[in-house]
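Participant: Pasting entry.txt below, which is compact mmCIF, C-alpha atoms.
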# COMPACT_ATOMS: atom_id res chain seq x y z
CA MET A 1 -50.81 1.56 -0.48
CA PHE A 2 -52.51 1.18 -3.86
CA LYS A 3 -50.35 3.92 -5.37
CA THR A 4 -47.24 2.14 -4.14
CA LEU A 5 -48.50 -1.18 -5.52
CA LEU A 6 -49.05 0.31 -8.97
CA SER A 7 -45.57 1.84 -8.95
CA LEU A 8 -43.81 -1.48 -8.32
CA PRO A 9 -41.57 -2.63 -11.21
CA ARG A 10 -42.74 -5.02 -13.94
CA THR A 11 -40.41 -7.71 -12.58
CA VAL A 12 -42.24 -7.78 -9.24
CA TRP A 13 -45.63 -8.25 -10.92
CA LEU A 14 -44.32 -10.85 -13.36
CA ILE A 15 -42.77 -12.93 -10.56
CA GLY A 16 -46.07 -12.68 -8.70
CA LEU A 17 -47.98 -13.89 -11.76
CA ILE A 18 -45.60 -16.82 -12.19
CA SER A 19 -46.07 -17.79 -8.55
CA PHE A 20 -49.84 -17.51 -8.91
CA ILE A 21 -49.92 -19.89 -11.86
CA ASN A 22 -47.40 -22.31 -10.40
CA ASP A 23 -49.23 -22.47 -7.07
CA SER A 24 -52.55 -23.03 -8.82
CA ALA A 25 -51.05 -26.32 -9.97
CA SER A 26 -49.14 -27.11 -6.79
CA GLU A 27 -51.99 -26.34 -4.39
CA MET A 28 -54.51 -28.20 -6.53
CA LEU A 29 -52.55 -31.32 -5.61
CA TYR A 30 -51.27 -30.46 -2.12
CA PRO A 31 -54.52 -30.98 -0.14
CA LEU A 32 -55.06 -34.24 -2.03
CA MET A 33 -51.68 -35.70 -1.08
CA PRO A 34 -52.62 -37.01 2.38
CA LEU A 35 -55.84 -38.45 0.94
CA TYR A 36 -53.97 -40.03 -1.97
CA LEU A 37 -51.28 -41.52 0.25
CA THR A 38 -53.70 -42.94 2.83
CA SER A 39 -56.57 -44.08 0.59
CA VAL A 40 -54.79 -45.09 -2.62
CA LEU A 41 -51.24 -46.02 -1.57
CA MET A 42 -52.17 -47.10 1.97
CA ALA A 43 -49.40 -45.08 3.67
CA GLY A 44 -49.73 -43.71 7.22
CA PRO A 45 -48.62 -40.53 9.04
CA LYS A 46 -45.07 -41.85 9.49
CA ALA A 47 -44.62 -42.25 5.72
CA LEU A 48 -46.16 -38.82 5.19
CA GLY A 49 -43.72 -37.30 7.69
CA LEU A 50 -40.75 -39.00 6.02
CA ILE A 51 -41.80 -37.85 2.53
CA GLU A 52 -42.39 -34.26 3.51
CA GLY A 53 -39.31 -34.10 5.75
CA ILE A 54 -36.92 -35.32 3.06
CA ALA A 55 -38.61 -33.19 0.39
CA GLU A 56 -38.38 -29.97 2.38
CA ALA A 57 -34.83 -30.65 3.58
CA THR A 58 -33.75 -31.17 -0.03
CA SER A 59 -35.42 -27.93 -1.03
CA SER A 60 -33.67 -26.04 1.75
CA ILE A 61 -30.17 -27.28 0.93
CA PHE A 62 -30.50 -26.18 -2.68
CA LYS A 63 -31.93 -22.83 -1.63
CA LEU A 64 -28.56 -22.10 -0.04
CA VAL A 65 -26.61 -23.46 -3.01
CA SER A 66 -28.57 -21.40 -5.54
CA GLY A 67 -28.45 -18.30 -3.33
CA VAL A 68 -24.65 -18.40 -3.02
CA ILE A 69 -24.25 -19.00 -6.76
CA VAL A 70 -26.52 -16.07 -7.62
CA ASP A 71 -24.46 -13.69 -5.48
CA ARG A 72 -21.32 -14.77 -7.30
CA THR A 73 -22.60 -14.99 -10.87
CA LYS A 74 -25.14 -12.12 -10.58
CA LYS A 75 -27.53 -14.27 -12.64
CA ALA A 76 -30.88 -15.29 -11.15
CA LYS A 77 -33.01 -16.06 -14.20
CA PRO A 78 -31.45 -19.42 -15.22
CA TRP A 79 -32.05 -20.86 -11.75
CA ILE A 80 -35.61 -19.56 -11.62
CA VAL A 81 -36.42 -21.12 -15.00
CA MET A 82 -34.78 -24.44 -14.09
CA GLY A 83 -36.64 -24.54 -10.78
CA TYR A 84 -40.06 -24.10 -12.33
CA LEU A 85 -39.21 -26.59 -15.08
CA LEU A 86 -38.33 -29.36 -12.60
CA ALA A 87 -41.50 -28.72 -10.61
CA GLY A 88 -43.66 -28.69 -13.72
CA VAL A 89 -42.25 -32.03 -14.87
CA GLY A 90 -42.25 -33.73 -11.47
CA ARG A 91 -45.72 -33.01 -10.08
CA PRO A 92 -47.84 -34.85 -12.69
CA LEU A 93 -45.73 -38.00 -12.31
CA ILE A 94 -47.41 -38.65 -8.93
CA ALA A 95 -50.35 -39.96 -10.97
CA ILE A 96 -48.34 -43.00 -12.09
CA ALA A 97 -46.73 -43.73 -8.71
CA ASN A 98 -47.66 -47.14 -7.32
CA SER A 99 -46.02 -46.79 -3.89
CA TRP A 100 -45.21 -44.09 -1.37
CA ALA A 101 -41.50 -44.56 -2.15
CA TRP A 102 -42.15 -43.36 -5.72
CA VAL A 103 -44.07 -40.40 -4.33
CA LEU A 104 -41.01 -39.64 -2.21
CA CYS A 105 -38.79 -39.57 -5.33
CA ILE A 106 -41.22 -37.34 -7.20
CA ARG A 107 -41.62 -34.96 -4.28
CA PHE A 108 -37.82 -34.86 -4.09
CA THR A 109 -37.71 -33.63 -7.70
CA ASP A 110 -40.47 -31.10 -7.11
CA ARG A 111 -38.77 -29.68 -4.00
CA LEU A 112 -35.40 -29.66 -5.77
CA GLY A 113 -37.01 -27.30 -8.27
CA LYS A 114 -38.28 -25.12 -5.45
CA GLY A 115 -34.82 -25.07 -3.89
CA LEU A 116 -33.19 -23.92 -7.12
CA ARG A 117 -35.64 -21.07 -7.73
CA SER A 118 -36.58 -19.68 -4.30
CA SER A 119 -33.45 -17.80 -3.17
CA PRO A 120 -32.68 -16.39 -6.66
CA ARG A 121 -36.31 -15.25 -6.95
CA ASP A 122 -36.27 -13.62 -3.50
CA ALA A 123 -32.94 -11.92 -4.23
CA LEU A 124 -34.32 -10.65 -7.55
CA LEU A 125 -37.37 -9.21 -5.74
CA ALA A 126 -35.21 -7.57 -3.05
CA GLU A 127 -32.92 -5.97 -5.64
CA SER A 128 -35.80 -4.69 -7.78
CA VAL A 129 -37.16 -2.23 -5.17
CA PRO A 130 -35.80 0.22 -2.57
CA SER A 131 -35.60 -0.90 1.05
CA ASN A 132 -38.74 1.01 2.09
CA GLN A 133 -40.82 -1.06 -0.36
CA ARG A 134 -39.58 -4.53 0.56
CA GLY A 135 -42.48 -5.31 2.88
CA ILE A 136 -45.16 -4.50 0.32
CA THR A 137 -43.14 -6.23 -2.43
CA PHE A 138 -42.80 -9.52 -0.61
CA GLY A 139 -46.35 -9.17 0.69
CA LEU A 140 -47.68 -8.77 -2.85
CA HIS A 141 -45.68 -11.76 -4.01
CA ARG A 142 -46.99 -13.94 -1.18
CA SER A 143 -50.56 -12.71 -1.79
CA MET A 144 -50.39 -13.64 -5.47
CA ASP A 145 -48.79 -16.95 -4.53
CA ASN A 146 -51.62 -17.62 -2.10
CA ALA A 147 -54.22 -16.54 -4.65
CA GLY A 148 -53.02 -19.53 -6.65
CA ALA A 149 -53.49 -21.57 -3.50
CA VAL A 150 -57.16 -20.48 -3.56
CA VAL A 151 -57.74 -21.34 -7.21
CA GLY A 152 -55.96 -24.71 -7.05
CA PRO A 153 -57.96 -26.29 -4.19
CA LEU A 154 -61.24 -24.93 -5.62
CA LEU A 155 -60.43 -26.65 -8.89
CA ALA A 156 -59.53 -29.84 -7.01
CA ALA A 157 -62.82 -29.70 -5.09
CA TYR A 158 -64.75 -29.27 -8.34
CA LEU A 159 -62.99 -32.22 -9.97
CA LEU A 160 -63.71 -34.38 -6.91
CA SER A 161 -67.36 -33.30 -6.94
CA ILE A 162 -67.78 -34.57 -10.51
CA HIS A 163 -66.14 -37.86 -9.49
CA ILE A 164 -62.79 -37.47 -11.24
CA PRO A 165 -60.43 -40.10 -9.70
CA LEU A 166 -57.69 -38.76 -7.41
CA ARG A 167 -55.00 -40.21 -9.66
CA ASP A 168 -56.31 -38.44 -12.77
CA ILE A 169 -56.35 -35.01 -11.10
CA PHE A 170 -52.56 -35.03 -10.86
CA PHE A 171 -52.29 -34.96 -14.67
CA TRP A 172 -54.00 -31.56 -14.75
CA ALA A 173 -50.88 -29.95 -13.25
CA VAL A 174 -49.08 -30.16 -16.61
CA ILE A 175 -50.74 -27.10 -18.17
CA PRO A 176 -50.07 -24.43 -15.51
CA GLY A 177 -46.55 -25.83 -15.07
CA ALA A 178 -45.78 -25.18 -18.74
CA ILE A 179 -47.22 -21.64 -18.55
CA ALA A 180 -45.08 -20.82 -15.48
CA VAL A 181 -41.88 -21.89 -17.26
CA THR A 182 -42.78 -19.80 -20.33
CA LEU A 183 -43.35 -16.68 -18.23
CA ALA A 184 -40.12 -17.26 -16.29
CA LEU A 185 -38.24 -17.06 -19.60
CA CYS A 186 -39.57 -13.48 -19.93
CA LEU A 187 -37.90 -12.23 -16.73
CA LYS A 188 -35.19 -9.58 -17.03
CA GLU A 189 -32.22 -9.26 -14.70
CA PRO A 190 -31.61 -5.85 -13.06
CA SER A 191 -28.21 -4.24 -13.35
CA ARG A 192 -26.12 -5.21 -10.34
CA GLU A 193 -23.14 -3.45 -8.87
CA ARG A 194 -20.08 -5.67 -8.48
CA VAL A 195 -18.99 -5.88 -4.85
CA ALA A 196 -16.20 -7.78 -3.14
CA MET A 197 -17.46 -11.19 -2.04
CA PRO A 198 -16.06 -13.06 0.97
CA ALA A 199 -15.26 -16.72 0.42
CA PHE A 200 -18.16 -19.00 1.27
CA SER A 201 -17.98 -20.21 4.85
CA TRP A 202 -20.21 -22.43 6.95
CA SER A 203 -19.62 -19.93 9.78
CA LEU A 204 -21.80 -17.38 7.89
CA GLU A 205 -18.84 -15.05 7.42
CA GLY A 206 -19.86 -11.60 6.24
CA LEU A 207 -23.37 -11.79 7.70
CA PRO A 208 -24.21 -9.63 10.77
CA PRO A 209 -24.74 -11.10 14.27
CA GLN A 210 -28.39 -10.04 14.31
CA PHE A 211 -29.04 -12.11 11.20
CA LYS A 212 -27.33 -15.16 12.72
CA ARG A 213 -29.46 -14.92 15.85
CA TYR A 214 -32.59 -14.45 13.78
CA ILE A 215 -32.09 -17.56 11.65
CA CYS A 216 -31.24 -19.56 14.77
CA VAL A 217 -34.62 -18.68 16.29
CA ALA A 218 -36.34 -19.17 12.93
CA GLY A 219 -34.92 -22.69 12.95
CA ILE A 220 -36.48 -23.39 16.34
CA PHE A 221 -39.81 -22.11 15.07
CA ALA A 222 -39.48 -24.29 11.97
CA LEU A 223 -39.23 -27.31 14.27
CA ALA A 224 -42.81 -26.47 15.26
CA ASN A 225 -43.95 -25.91 11.69
CA SER A 226 -44.35 -29.46 10.36
CA SER A 227 -46.04 -30.20 7.05
CA ASP A 228 -49.45 -28.59 6.58
CA MET A 229 -50.62 -31.96 5.29
CA PHE A 230 -50.97 -33.05 8.93
CA LEU A 231 -53.46 -30.22 9.48
CA LEU A 232 -55.58 -31.48 6.61
CA LEU A 233 -55.31 -35.05 7.88
CA ARG A 234 -56.41 -33.85 11.33
CA ALA A 235 -59.34 -31.94 9.82
CA ARG A 236 -60.47 -35.08 8.00
CA GLU A 237 -60.30 -37.08 11.23
CA LEU A 238 -62.34 -34.40 13.04
CA GLY A 239 -65.20 -34.83 10.58
CA VAL A 240 -64.55 -32.57 7.58
CA PRO A 241 -65.80 -34.45 4.49
CA GLN A 242 -63.17 -35.47 1.91
CA GLU A 243 -64.59 -33.26 -0.83
CA GLN A 244 -64.45 -30.23 1.49
CA ILE A 245 -60.80 -30.64 2.47
CA PRO A 246 -59.60 -28.68 -0.61
CA LEU A 247 -62.19 -25.98 0.21
CA LEU A 248 -60.79 -25.68 3.73
CA TRP A 249 -57.29 -25.23 2.32
CA ALA A 250 -58.60 -22.71 -0.20
CA GLY A 251 -60.15 -20.74 2.67
CA ILE A 252 -56.81 -20.48 4.46
CA SER A 253 -55.16 -19.32 1.26
CA PHE A 254 -57.93 -16.78 0.65
CA ILE A 255 -57.37 -15.21 4.08
CA THR A 256 -53.61 -15.10 3.41
CA THR A 257 -54.19 -13.55 -0.01
CA VAL A 258 -56.48 -10.81 1.30
CA PHE A 259 -54.44 -9.84 4.36
CA GLY A 260 -50.89 -10.66 3.20
CA THR A 261 -50.18 -7.47 1.24
CA PRO A 262 -51.68 -4.91 3.69
CA LEU A 263 -50.03 -6.51 6.72
CA SER A 264 -46.66 -6.68 4.95
CA ALA A 265 -47.08 -3.08 3.78
CA LEU A 266 -47.66 -1.99 7.40
CA SER A 267 -44.33 -3.58 8.32
CA ASP A 268 -42.64 -1.00 6.05
CA ARG A 269 -43.94 1.70 8.43
CA PHE A 270 -43.80 -0.10 11.76
CA SER A 271 -41.55 -2.71 13.34
CA ARG A 272 -41.40 -6.01 11.47
CA LYS A 273 -40.58 -7.79 14.71
CA HIS A 274 -44.02 -7.05 16.18
CA PHE A 275 -45.75 -8.67 13.23
CA ILE A 276 -43.60 -11.78 13.43
CA LEU A 277 -43.82 -12.02 17.22
CA LEU A 278 -47.62 -11.78 17.33
CA ALA A 279 -47.96 -14.19 14.41
CA TRP A 280 -45.72 -16.80 16.04
CA ALA A 281 -47.75 -16.54 19.25
CA ALA A 282 -50.96 -17.01 17.23
CA PHE A 283 -49.41 -20.06 15.57
CA ALA A 284 -48.66 -21.57 19.00
CA LEU A 285 -52.24 -21.00 20.12
CA PHE A 286 -53.53 -22.53 16.90
CA TYR A 287 -51.54 -25.73 17.43
CA MET A 288 -52.58 -25.90 21.07
CA GLY A 289 -56.18 -25.63 19.96
CA MET A 290 -55.75 -28.34 17.32
CA SER A 291 -54.49 -30.68 20.04
CA LEU A 292 -57.91 -30.77 21.68
CA PRO A 293 -60.00 -33.88 20.95
CA GLY A 294 -63.51 -33.63 19.54
CA ILE A 295 -63.26 -30.04 18.27
CA PRO A 296 -66.62 -28.92 16.81
CA ILE A 297 -66.57 -27.90 13.16
CA TRP A 298 -67.27 -24.21 13.90
CA ALA A 299 -64.28 -24.06 16.28
CA LEU A 300 -62.11 -25.88 13.77
CA LEU A 301 -62.98 -23.31 11.11
CA GLY A 302 -62.11 -20.50 13.54
CA LEU A 303 -58.73 -22.09 14.26
CA PHE A 304 -57.96 -22.41 10.58
CA GLY A 305 -58.90 -18.75 10.15
CA ILE A 306 -56.26 -17.86 12.78
CA TYR A 307 -53.77 -19.98 10.86
CA GLY A 308 -54.53 -18.04 7.69
CA LEU A 309 -53.86 -14.75 9.49
CA PHE A 310 -50.60 -16.17 10.85
CA LYS A 311 -49.43 -16.93 7.32
CA ALA A 312 -50.53 -13.50 6.11
CA ALA A 313 -48.56 -11.73 8.85
CA THR A 314 -45.33 -13.67 8.38
CA GLU A 315 -44.75 -14.91 4.83
CA GLY A 316 -43.81 -11.55 3.36
CA VAL A 317 -42.57 -9.88 6.54
CA GLU A 318 -40.04 -12.61 7.40
CA LYS A 319 -38.45 -12.29 3.97
CA ALA A 320 -38.45 -8.49 4.15
CA LEU A 321 -36.58 -8.74 7.46
CA VAL A 322 -33.99 -11.04 5.86
CA ALA A 323 -33.48 -8.46 3.11
CA ASP A 324 -33.14 -5.70 5.74
CA LEU A 325 -30.43 -7.63 7.60
CA ALA A 326 -28.52 -8.79 4.51
CA PRO A 327 -25.33 -6.84 3.62
CA LYS A 328 -25.09 -5.38 0.13
CA GLY A 329 -24.30 -8.03 -2.45
CA LEU A 330 -25.17 -10.92 -0.12
CA ALA A 331 -28.96 -11.00 -0.48
CA GLY A 332 -28.91 -14.38 -2.25
CA THR A 333 -26.65 -15.89 0.39
CA ALA A 334 -28.77 -14.46 3.23
CA PHE A 335 -31.97 -15.85 1.73
CA GLY A 336 -30.18 -19.14 1.12
CA TRP A 337 -29.15 -19.45 4.77
CA PHE A 338 -32.59 -18.41 6.03
CA ASN A 339 -34.30 -20.92 3.74
CA LEU A 340 -31.76 -23.64 4.57
CA VAL A 341 -32.13 -23.35 8.33
CA SER A 342 -35.91 -23.01 8.21
CA GLY A 343 -36.31 -25.85 5.74
CA VAL A 344 -33.82 -28.34 7.15
CA MET A 345 -35.61 -28.15 10.49
CA LEU A 346 -38.80 -29.21 8.71
CA PHE A 347 -37.25 -32.65 8.28
CA PRO A 348 -37.12 -33.48 12.02
CA ALA A 349 -40.31 -31.45 12.50
CA SER A 350 -42.31 -33.67 10.14
CA LEU A 351 -40.63 -36.88 11.32
CA ILE A 352 -41.25 -36.13 15.01
CA PHE A 353 -44.78 -34.93 14.36
CA GLY A 354 -45.65 -37.99 12.27
CA TRP A 355 -44.13 -40.34 14.85
CA LEU A 356 -46.03 -38.73 17.74
CA TYR A 357 -49.21 -38.62 15.66
CA GLU A 358 -49.15 -42.33 14.77
CA SER A 359 -47.36 -43.89 17.76
CA PHE A 360 -49.29 -42.02 20.46
CA ASN A 361 -52.07 -39.65 19.36
CA PRO A 362 -52.50 -36.28 17.61
CA THR A 363 -52.71 -34.40 20.92
CA TYR A 364 -49.04 -35.05 21.74
CA ALA A 365 -47.95 -34.07 18.24
CA PHE A 366 -49.77 -30.74 18.28
CA LEU A 367 -48.66 -29.91 21.83
CA PHE A 368 -45.03 -30.51 20.82
CA SER A 369 -45.31 -28.07 17.92
CA GLY A 370 -47.12 -25.47 20.01
CA SER A 371 -44.44 -25.62 22.71
CA CYS A 372 -41.63 -25.12 20.18
CA ALA A 373 -43.45 -22.12 18.72
CA PHE A 374 -43.84 -20.51 22.17
CA LEU A 375 -40.11 -21.00 22.85
CA ALA A 376 -39.22 -19.38 19.52
CA ALA A 377 -41.49 -16.42 20.25
CA ILE A 378 -39.86 -15.86 23.64
CA LEU A 379 -36.36 -15.93 22.13
CA LEU A 380 -37.48 -13.60 19.35
CA ALA A 381 -38.71 -11.06 21.89
CA PHE A 382 -35.88 -11.19 24.42
CA TRP A 383 -32.76 -12.31 22.52
CA VAL A 384 -32.80 -11.47 18.82
CA PHE A 385 -34.01 -7.88 18.68
CA ILE A 386 -32.87 -6.30 21.94
CA PRO A 387 -29.26 -5.90 20.67
CA MET A 388 -30.61 -4.31 17.47
CA GLU A 389 -32.53 -1.70 19.46
CA ARG A 390 -29.48 -0.85 21.58
CA LEU A 391 -27.39 -0.53 18.44
CA ALA A 392 -29.96 1.84 16.98
CA VAL A 393 -29.73 4.05 20.09
CA LYS A 394 -25.94 4.20 19.91
CA ASN A 395 -25.92 4.93 16.17
CA PRO A 396 -29.04 6.97 15.34
CA SER A 397 -29.58 7.45 11.61
Write the structure described by the file as structure tokens, please.
Facilitator:
Amino acid sequence: MFKTLLSLPRTVWLIGLISFINDSASEMLYPLMPLYLTSVLMAGPKALGLIEGIAEATSSIFKLVSGVIVDRTKKAKPWIVMGYLLAGVGRPLIAIANSWAWVLCIRFTDRLGKGLRSSPRDALLAESVPSNQRGITFGLHRSMDNAGAVVGPLLAAYLLSIHIPLRDIFFWAVIPGAIAVTLALCLKEPSRERVAMPAFSWSLEGLPPQFKRYICVAGIFALANSSDMFLLLRARELGVPQEQIPLLWAGISFITTVFGTPLSALSDRFSRKHFILLAWAAFALFYMGMSLPGIPIWALLGLFGIYGLFKAATEGVEKALVADLAPKGLAGTAFGWFNLVSGVMLFPASLIFGWLYESFNPTYAFLFSGSCAFLAAILLAFWVFIPMERLAVKNPS
């Protein structure tokens, strides 16, 4: 594995470094958002669900737009640079927000940046390596991204421990944001073969049936996958001290960083579906466990460890599977559709979760998400991949 890692192109490592730096800034602020909204701006779970739902839906729509444009223009770099620029400008502005509505606008800008850069970046990664290295490539990228998610919360925890006000911490995101934009300007586009492109169609014309079934099930799973901010809010309610919330989030990211690359690399040798199926089942068990009242701290830490392994086993592998299913010349469009469906479903996911959380109690919210995840896992096992296996038997390579 290490020999393969070292042989990966410069572009793969540079994109990973950019993600590491950008996420150091983003994840320094992310675990503080629920604390900031509830303690400074006096907003509840419903407002949090609305903010995160709209932000992620916006991101998802523009992931499709940018993905389609990249396939047609064969230019990914301008969208990647613009995406990181918008995020770098938007995040620090949260410090001057005086209401949750302003936070909503700022998160909208931040997620717009993510929408513009994500599909072009994923397409650039997919086109930079051969198909038998996609798992390790996306796994490396997600590991470096999550390494930033370790550094960011640790920095946030340190700043909280020396009594830096929550509002002031948001200003610190300016520096890594500027570095990420500078490095993005150094990216180089690979040479791309011109292929005939079908006209864009909301019927997903040109994409194979297996891909359409896969993103349908991924959408159902996304309905279970509401904002992670609710997990941190739940941890705080279960007794985790405020200053340790960023450390808890850093621990999840550390697990994902350590296990993300090797698990994704294994998917290059074995079936990607098994990794995703087991991970989705683990996610469902995690949410079922989080629904229990009065969870002791040691059990809570164990559950969050399972969640970290879930992220490690899916973040790179899901994207590698999208690249496997995408026809030649349509990688950007395929990633756009996958990101759109997965992200748009986060809007109702966060709204429903926040409504159940505040109107009833957290148990109902977590049971809802766990049930959706179990349904998605069942469909993944018995609907999406069975036709692919039969096709492989009929047409052996």
Participant: Near region 151-168 of chain A, counting all atoms listed in the file, which residues have an atom at most 8 Å away, once you skip same-chain residues fewer than 2 positions from it, shown as a count of residues only?
Facilitator: 26
Participant: Point out the residue among A:Ala126, A:Leu112, A:Ala57, A:Val68 with the least atom-to-atom distance to Gly316 (chain A), counting only C-alpha atoms.
Facilitator: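 Distance minimum relative to Gly316 (chain A) lands on A:Ala126.
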Participant: What's around Gly260 (chain A) at 12 Å? Count all atoms listed in the file, leave out sequence neighbours fewer than 6 positions away in its own chain, and write the answer as a PyMOL selection string.
Facilitator: chain A and resi 135-147+252-254+266-267+275+308-318
Participant: Can you pull out the residues contacting region 339-351 of chain A? Cut-off 6 Å, using all atoms listed in the file, and skip same-chain residues under 4 positions away; I want them as a PyMOL selection string.
Facilitator: chain A and resi 49-50+53-54+56-57+60-61+64+219+222-223+226-227+335
Participant: Work out how far apart CA of Met288 (chain A) and CA of Gly239 (chain A) are and give it in Å to one decimal.
Facilitator: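 According to the coordinates, CA of Met288 (chain A) and CA of Gly239 (chain A) are separated by 18.7 Å.
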Participant: I'd like the neighbourhood of Phe304 (chain A) as a PyMOL selection string, where a residue qualifies if any of its atoms comes within 10 Å (using only C-alpha atoms), though same-chain residues fewer than 3 positions away should be ignored.
Facilitator: chain A and resi 231+235+248-249+251-252+255+286-287+290+299-301+307-310
